[in-house]
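Here is the file protein11.txt (compact mmCIF, C-alpha atoms).
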# COMPACT_ATOMS: atom_id res chain seq x y z
CA MET P 3 50.74 123.05 176.17
CA GLN P 4 53.91 124.41 174.61
CA ASN P 5 54.37 121.42 172.31
CA ALA P 6 50.72 121.72 171.21
CA MET P 7 51.39 125.31 170.12
CA GLN P 8 53.49 123.99 167.23
CA GLN P 9 50.47 122.10 165.86
CA ILE P 10 48.31 125.20 166.26
CA ASN P 11 50.83 127.36 164.40
CA SER P 12 51.09 124.80 161.58
CA LYS P 13 47.33 125.17 161.11
CA ASN P 14 47.63 128.96 161.31
CA ILE P 15 50.23 128.96 158.53
CA GLU P 16 47.96 126.84 156.33
CA MET P 17 45.20 129.42 156.81
CA ASP P 18 47.53 132.43 156.27
CA MET P 19 47.15 133.43 159.89
CA PRO P 20 49.99 134.67 162.13
CA SER P 21 51.81 132.35 164.48
CA ILE P 22 51.15 132.77 168.18
CA HIS P 23 53.48 132.10 171.07
CA MET P 24 53.19 132.00 174.84
CA GLY P 25 55.41 131.80 177.87
CA ILE P 26 54.59 129.83 181.02
CA GLY P 27 55.65 130.59 184.60
CA ILE P 28 55.29 128.06 187.44
CA ASN P 29 55.54 128.68 191.17
CA THR P 30 54.61 126.51 194.16
CA GLY P 31 53.26 127.62 197.53
CA ASP P 32 50.24 128.18 199.75
CA VAL P 33 47.38 130.20 198.27
CA ALA P 34 43.77 131.09 199.07
CA VAL P 35 41.26 129.51 196.66
CA GLY P 36 37.51 130.04 196.50
CA TYR P 37 34.65 132.35 195.65
CA LEU P 38 35.34 135.99 196.53
CA GLY P 39 32.96 138.92 196.32
CA ASN P 40 29.41 139.62 197.39
CA ILE P 41 25.92 138.48 196.46
CA SER P 42 25.69 140.72 193.39
CA HIS P 43 29.10 139.80 192.00
CA HIS P 44 31.57 137.09 192.90
CA ASP P 45 34.24 135.05 191.12
CA PHE P 46 36.10 131.83 191.75
CA THR P 47 39.72 132.90 192.06
CA VAL P 48 43.07 132.26 193.67
CA ILE P 49 45.05 134.91 195.54
CA GLY P 50 48.23 135.19 197.60
CA ASN P 51 51.91 136.09 197.38
CA GLU P 52 52.72 132.87 195.57
CA VAL P 53 50.18 133.70 192.86
CA ASN P 54 51.83 137.08 192.39
CA LEU P 55 55.25 135.44 192.18
CA ALA P 56 54.00 133.00 189.52
CA ALA P 57 52.84 135.99 187.46
CA ARG P 58 56.26 137.62 187.82
CA VAL P 59 58.03 134.43 186.73
CA GLU P 60 55.76 134.23 183.68
CA ALA P 61 56.56 137.86 182.82
CA TYR P 62 60.23 136.87 182.36
CA SER P 63 59.40 134.05 179.94
CA MET P 64 59.78 134.16 176.18
CA GLY P 65 57.64 132.44 173.58
CA GLY P 66 57.96 128.68 173.92
CA GLN P 67 59.57 128.74 177.35
CA VAL P 68 58.47 127.19 180.64
CA LEU P 69 60.13 128.85 183.64
CA LEU P 70 60.19 127.55 187.22
CA SER P 71 60.63 129.53 190.41
CA ASP P 72 63.20 128.23 192.88
CA ASN P 73 60.27 126.99 195.04
CA SER P 74 59.07 124.70 192.25
CA TYR P 75 62.57 123.72 191.13
CA ASN P 76 63.63 122.54 194.60
CA LEU P 77 60.58 120.28 194.85
CA CYS P 78 61.16 118.45 191.57
CA LYS P 79 64.82 119.00 190.63
CA TYR P 80 65.66 115.28 190.65
CA ASN P 81 62.86 114.47 188.20
CA ILE P 82 63.40 117.17 185.60
CA LYS P 83 65.99 118.47 183.18
CA ILE P 84 66.67 122.19 183.03
CA GLY P 85 68.48 124.49 180.64
CA SER P 86 69.52 128.02 181.56
CA SER P 87 69.01 129.60 184.96
CA TYR P 88 68.68 133.34 185.60
CA ASP P 89 69.04 135.58 188.64
CA VAL P 90 66.33 138.24 188.45
CA HIS P 91 65.04 141.00 190.73
CA PRO P 92 61.23 141.02 190.64
CA LYS P 93 59.42 143.96 192.18
CA GLY P 94 58.43 143.48 195.82
CA LYS P 95 61.27 141.06 196.53
CA ILE P 96 64.28 142.13 198.58
CA ARG P 97 66.50 139.27 197.48
CA PRO P 98 67.15 138.19 193.89
CA LEU P 99 65.18 135.22 192.61
CA THR P 100 66.67 132.37 190.60
CA ILE P 101 64.42 131.02 187.86
CA TYR P 102 65.03 127.90 185.78
CA GLU P 103 64.17 126.98 182.21
CA LEU P 104 62.35 123.64 182.14
CA LEU P 105 63.36 121.33 179.28
CA GLU P 106 62.06 117.90 180.29
CA ILE P 107 60.12 116.04 182.98
CA LYS P 108 60.99 112.40 183.76
CA LYS P 109 57.97 111.34 185.85
CA PRO P 110 55.26 110.03 185.70
CA GLN P 111 56.39 109.68 182.07
CA ARG P 112 59.10 111.35 180.03
CA LEU P 113 57.97 114.51 178.29
CA ALA P 114 60.45 116.85 176.58
CA LEU P 115 59.82 120.38 175.39
CA ASN P 116 60.21 120.77 171.64
CA ILE P 117 62.65 123.64 171.24
CA GLU P 118 63.56 125.34 168.00
CA ASN P 119 67.30 125.24 167.44
CA ASP P 120 68.61 128.80 166.95
CA ARG P 121 71.55 127.44 164.93
CA SER P 122 69.18 126.20 162.23
CA VAL P 123 67.78 129.72 161.71
CA PRO P 124 69.64 131.88 159.16
CA ARG P 125 71.30 135.00 160.54
CA ILE P 126 72.14 137.92 158.27
CA ASN P 127 74.78 140.52 159.14
CA VAL P 128 73.45 144.09 159.17
CA ASN P 129 74.62 147.53 160.25
CA MET P 130 71.50 149.29 161.46
CA LEU P 131 71.03 152.01 164.07
CA VAL P 132 68.15 151.46 166.49
CA ASN P 133 66.58 153.32 169.39
CA TYR P 134 65.08 151.40 172.28
CA ARG P 135 63.22 151.91 175.54
CA ILE P 136 62.75 149.66 178.54
CA VAL P 137 59.35 148.02 179.06
CA ASP P 138 58.03 146.93 182.46
CA LYS P 139 54.75 145.04 182.00
CA SER P 140 52.46 147.59 180.32
CA LYS P 141 54.65 150.60 181.17
CA ILE P 142 57.10 151.95 178.58
CA PHE P 143 59.78 154.15 180.13
CA SER P 144 60.44 157.48 178.44
CA GLU P 145 64.25 157.37 178.34
CA VAL P 146 65.54 156.47 174.88
CA TYR P 147 68.80 154.58 174.35
CA GLU P 148 70.80 154.07 171.17
CA GLY P 149 72.15 150.82 169.81
CA GLN P 150 73.46 149.16 166.68
CA ALA P 151 71.95 146.00 165.20
CA LEU P 152 74.69 143.58 164.15
CA ASP P 153 72.66 140.72 162.73
CA ILE P 154 69.05 139.68 162.24
CA SER P 155 67.12 136.41 162.04
CA TYR P 156 63.48 135.37 161.75
CA ASN P 157 63.33 135.31 165.56
CA GLY P 158 65.40 138.23 166.75
CA LEU P 159 68.33 140.62 166.61
CA LYS P 160 71.84 140.90 167.95
CA ILE P 161 72.56 144.46 169.10
CA LYS P 162 75.54 146.40 170.45
CA THR P 163 74.86 148.99 173.17
CA ALA P 164 76.83 151.17 175.53
CA ASN P 165 74.30 150.49 178.29
CA LYS P 166 73.79 147.11 179.92
CA ILE P 167 70.35 145.55 179.43
CA GLU P 168 69.59 142.95 182.09
CA LEU P 169 68.75 139.39 181.04
CA LEU P 170 65.07 138.80 180.23
CA THR P 171 64.36 142.53 180.17
CA GLU P 172 61.77 143.49 177.56
CA ILE P 173 62.48 146.47 175.30
CA ILE P 174 60.66 148.25 172.50
CA ILE P 175 62.88 148.92 169.50
CA GLU P 176 62.12 151.72 167.04
CA VAL P 177 63.57 151.23 163.55
CA THR P 178 63.21 153.11 160.28
CA SER P 179 65.20 150.67 158.14
CA SER P 180 63.63 149.33 154.95
CA ILE P 181 64.28 145.85 156.38
CA PHE P 182 61.09 146.30 158.40
CA GLY P 183 59.16 148.06 155.66
CA ALA P 184 58.81 151.61 154.40
CA ASP P 185 57.30 153.03 157.58
CA LYS P 186 58.72 153.39 161.04
CA SER P 187 58.22 150.18 163.00
CA SER P 188 58.13 149.39 166.70
CA VAL P 189 59.22 145.88 167.65
CA TYR P 190 59.17 144.31 171.12
CA ALA P 191 61.93 141.91 172.17
CA LYS P 192 63.48 140.32 175.25
CA VAL P 193 67.16 139.92 176.10
CA LYS P 194 68.08 136.25 175.77
CA HIS P 195 71.81 136.54 176.47
CA SER P 196 74.39 139.29 176.85
CA ASN P 197 78.18 139.63 176.86
CA PHE P 198 80.57 142.51 177.49
CA GLU P 199 83.05 142.87 174.61
CA ASP P 200 85.44 145.72 173.77
CA SER P 201 83.67 148.26 176.00
CA TYR P 202 80.20 147.41 174.61
CA TYR P 203 77.39 145.05 175.55
CA ILE P 204 76.46 142.53 172.86
CA SER P 205 72.93 141.24 173.48
CA GLY P 206 70.91 138.59 171.73
CA LEU P 207 67.23 139.57 171.51
CA GLU P 208 64.19 137.43 170.78
CA PHE P 209 61.16 139.11 169.25
CA THR P 210 58.03 139.04 171.39
CA VAL P 211 55.74 141.33 169.34
CA ILE P 212 56.17 142.37 165.70
CA ASP P 213 53.41 143.55 163.37
CA ASP P 214 52.54 141.50 160.30
CA ALA P 215 53.78 144.03 157.72
CA ALA P 216 57.17 144.39 159.40
CA LEU P 217 57.46 140.61 159.81
CA ILE P 218 56.75 139.97 156.12
CA SER P 219 59.25 142.63 155.05
CA MET P 220 61.93 141.29 157.42
CA LYS P 221 61.47 137.68 156.26
CA SER P 222 61.65 138.80 152.62
CA PHE P 223 64.95 140.59 153.32
CA ILE P 224 66.44 137.54 155.05
CA ASP P 225 65.27 135.12 152.36
CA SER P 226 66.74 137.31 149.60
CA SER P 227 70.07 137.56 151.48
CA ILE P 228 70.62 133.83 152.04

Represent the supplied structure as structure tokens.
Amino acid sequence: MQNAMQQINSKNIEMDMPSIHMGIGINTGDVAVGYLGNISHHDFTVIGNEVNLAARVEAYSMGGQVLLSDNSYNLCKYNIKIGSSYDVHPKGKIRPLTIYELLEIKKPQRLALNIENDRSVPRINVNMLVNYRIVDKSKIFSEVYEGQALDISYNGLKIKTANKIELLTEIIIEVTSSIFGADKSSVYAKVKHSNFEDSYYISGLEFTVIDDAALISMKSFIDSSI
């Protein structure tokens, strides 16, 4: 599915349509499957704790990723290749959960995930103040934090903050810089990696939602700066 998205986006570009991206979360366990409801309304569905956990794993994913819960990983770990692993704290779980980035399956036939190499994407140094808020699913928290954007690429930002942002956390960034157009823009991104340097947190962000006008303006800025 993820590899097929590249073909879809190639067609979208030809038709001047925006690219689309998705994340996938996989969990394994016992669930209840069947028709639920009454005579007037019923649906074929699947329910259970493991379904809920799969949804939480998916919520941590970024565009192009396939993430596995530890349940799924332990069942197939000798037949797959993984990349990064993350310790996360999903709601409703007392203990932290380790999730794994799937890169390749070896059986029944080899299939590797086509991953865009971040090093091939131009990064432009900037000095831009940003405000951001934490996002949890559809809820945007009211507390506003300040940060400084250090560089920008087609796919994301590197920012410096006084506050730690946990890995895979989604944030909404508010910027007024002309890089994103004349108007104030709100951009959604997830934390891909983070380091503590000289009393600040340096976090690499990957865009998850950016409006077309801001995206065009940002790409024009990067292209003119290369």

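Counting only C-alpha atoms and comparing P:Thr171, P:Gln8, P:Asn14, P:Ser201, the residue that lies closest to P:Asp138 is P:Thr171.
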
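Each of P:Ile174, P:Ile82, P:Val128, P:Met24 was checked against P:Glu145 using only C-alpha atoms; the smallest atom-to-atom distance is that of P:Ile174.
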
(request) For each of P:Val68, P:Val33, P:Ile212, P:Leu169, take the minimum atom-to-atom distance to P:Gln4, counting only C-alpha atoms, then give the residue where this is smallest. (result) P:Val68

(message) Which residue is closest to P:Asp200? Choose from P:Val90, P:Met130, P:Ile107, P:Ala164 and count only C-alpha atoms.
(response) P:Ala164

(request) Excluding P:Ile218 and residues on its chain fewer than 3 positions from it, collect all residues at most 12 Å away from it, counting all atoms listed in the file, and give them as an NGL selection string. (result) :P and (18 or 20 or 156 or 180-184 or 212-215 or 221-225)

(message) Taking only C-alpha atoms into account, name the residue in P:Glu16, P:Asp72, P:Glu52, P:Asp185 that is nearest to P:Ile101.
(response) P:Asp72

Got a sec to check which residues sit within 8 Å of (40.3, 135.6, 191.4), counting all atoms listed in the file, and write them as a compact mmCIF listing (two decimals) with C-alpha atoms, keeping the file's coordinate frame?
# COMPACT_ATOMS: atom_id res chain seq x y z
CA TYR P 37 34.65 132.35 195.65
CA LEU P 38 35.34 135.99 196.53
CA ASP P 45 34.24 135.05 191.12
CA PHE P 46 36.10 131.83 191.75
CA THR P 47 39.72 132.90 192.06
CA VAL P 48 43.07 132.26 193.67
CA ILE P 49 45.05 134.91 195.54

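With distances taken from (50.5, 134.0, 170.5) and restricted to only C-alpha atoms, the residues inside 12 Å are Gln4, Met7, Gln8, Ile10, Asn11, Asn14, Met19, Pro20, Ser21, Ile22, His23, Met24, Gly25, Met64, Gly65, Gly66, Phe209, Thr210, Val211 and Ile212 of chain P.
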
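Proximity to P:Glu199 was assessed for P:Thr163, P:Asn5, P:Ser155, P:Ser226 counting only C-alpha atoms; the smallest distance is recorded for P:Thr163.
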
(message) Quick one: residues within 9 Å of P:Gly149, only C-alpha atoms, excluding same-chain residues fewer than 2 positions away - as an NGL selection string?
(response) :P and (130-134 or 147 or 151 or 161-165)

Keeping only C-alpha atoms, write those residues as a short mmCIF file (atom, residue, chain, number, x, y, z; two decimals), in the frame of the given file.
data_model
loop_
_atom_site.label_atom_id
_atom_site.label_comp_id
_atom_site.auth_asym_id
_atom_site.auth_seq_id
_atom_site.Cartn_x
_atom_site.Cartn_y
_atom_site.Cartn_z
CA MET P 130 71.50 149.29 161.46
CA LEU P 131 71.03 152.01 164.07
CA VAL P 132 68.15 151.46 166.49
CA ASN P 133 66.58 153.32 169.39
CA TYR P 134 65.08 151.40 172.28
CA TYR P 147 68.80 154.58 174.35
CA ALA P 151 71.95 146.00 165.20
CA ILE P 161 72.56 144.46 169.10
CA LYS P 162 75.54 146.40 170.45
CA THR P 163 74.86 148.99 173.17
CA ALA P 164 76.83 151.17 175.53
CA ASN P 165 74.30 150.49 178.29
#

Return stretch 123-138 of chain P, completed with N, CA and C atoms, as an mmCIF file, keeping the file's coordinate frame.
data_model
loop_
_atom_site.group_PDB
_atom_site.id
_atom_site.type_symbol
_atom_site.label_atom_id
_atom_site.label_comp_id
_atom_site.auth_asym_id
_atom_site.auth_seq_id
_atom_site.Cartn_x
_atom_site.Cartn_y
_atom_site.Cartn_z
ATOM 1 N N VAL P 123 68.437 128.530 162.243
ATOM 2 C CA VAL P 123 67.780 129.720 161.710
ATOM 3 C C VAL P 123 68.833 130.615 161.062
ATOM 4 N N PRO P 124 68.639 131.027 159.807
ATOM 5 C CA PRO P 124 69.640 131.880 159.160
ATOM 6 C C PRO P 124 69.775 133.231 159.848
ATOM 7 N N ARG P 125 71.023 133.694 159.967
ATOM 8 C CA ARG P 125 71.300 135.000 160.540
ATOM 9 C C ARG P 125 72.050 135.824 159.504
ATOM 10 N N ILE P 126 71.569 137.048 159.298
ATOM 11 C CA ILE P 126 72.140 137.920 158.270
ATOM 12 C C ILE P 126 72.807 139.117 158.943
ATOM 13 N N ASN P 127 74.065 139.372 158.591
ATOM 14 C CA ASN P 127 74.780 140.520 159.140
ATOM 15 C C ASN P 127 74.166 141.823 158.634
ATOM 16 N N VAL P 128 73.978 142.773 159.533
ATOM 17 C CA VAL P 128 73.450 144.090 159.170
ATOM 18 C C VAL P 128 74.235 145.155 159.926
ATOM 19 N N ASN P 129 74.056 146.385 159.533
ATOM 20 C CA ASN P 129 74.620 147.530 160.250
ATOM 21 C C ASN P 129 73.517 148.571 160.321
ATOM 22 N N MET P 130 72.741 148.517 161.392
ATOM 23 C CA MET P 130 71.500 149.290 161.460
ATOM 24 C C MET P 130 71.392 149.969 162.821
ATOM 25 N N LEU P 131 71.214 151.277 162.821
ATOM 26 C CA LEU P 131 71.030 152.010 164.070
ATOM 27 C C LEU P 131 69.604 151.825 164.574
ATOM 28 N N VAL P 132 69.473 151.636 165.885
ATOM 29 C CA VAL P 132 68.150 151.460 166.490
ATOM 30 C C VAL P 132 68.066 152.312 167.756
ATOM 31 N N ASN P 133 66.865 152.711 168.096
ATOM 32 C CA ASN P 133 66.580 153.320 169.390
ATOM 33 C C ASN P 133 65.694 152.370 170.177
ATOM 34 N N TYR P 134 65.899 152.306 171.479
ATOM 35 C CA TYR P 134 65.080 151.400 172.280
ATOM 36 C C TYR P 134 64.757 152.014 173.635
ATOM 37 N N ARG P 135 63.639 151.528 174.191
ATOM 38 C CA ARG P 135 63.220 151.910 175.540
ATOM 39 C C ARG P 135 62.888 150.669 176.346
ATOM 40 N N ILE P 136 63.009 150.788 177.645
ATOM 41 C CA ILE P 136 62.750 149.660 178.540
ATOM 42 C C ILE P 136 61.244 149.538 178.786
ATOM 43 N N VAL P 137 60.752 148.298 178.807
ATOM 44 C CA VAL P 137 59.350 148.020 179.060
ATOM 45 C C VAL P 137 59.229 147.233 180.362
ATOM 46 N N ASP P 138 58.320 147.654 181.226
ATOM 47 C CA ASP P 138 58.030 146.930 182.460
ATOM 48 C C ASP P 138 56.531 146.654 182.495
#
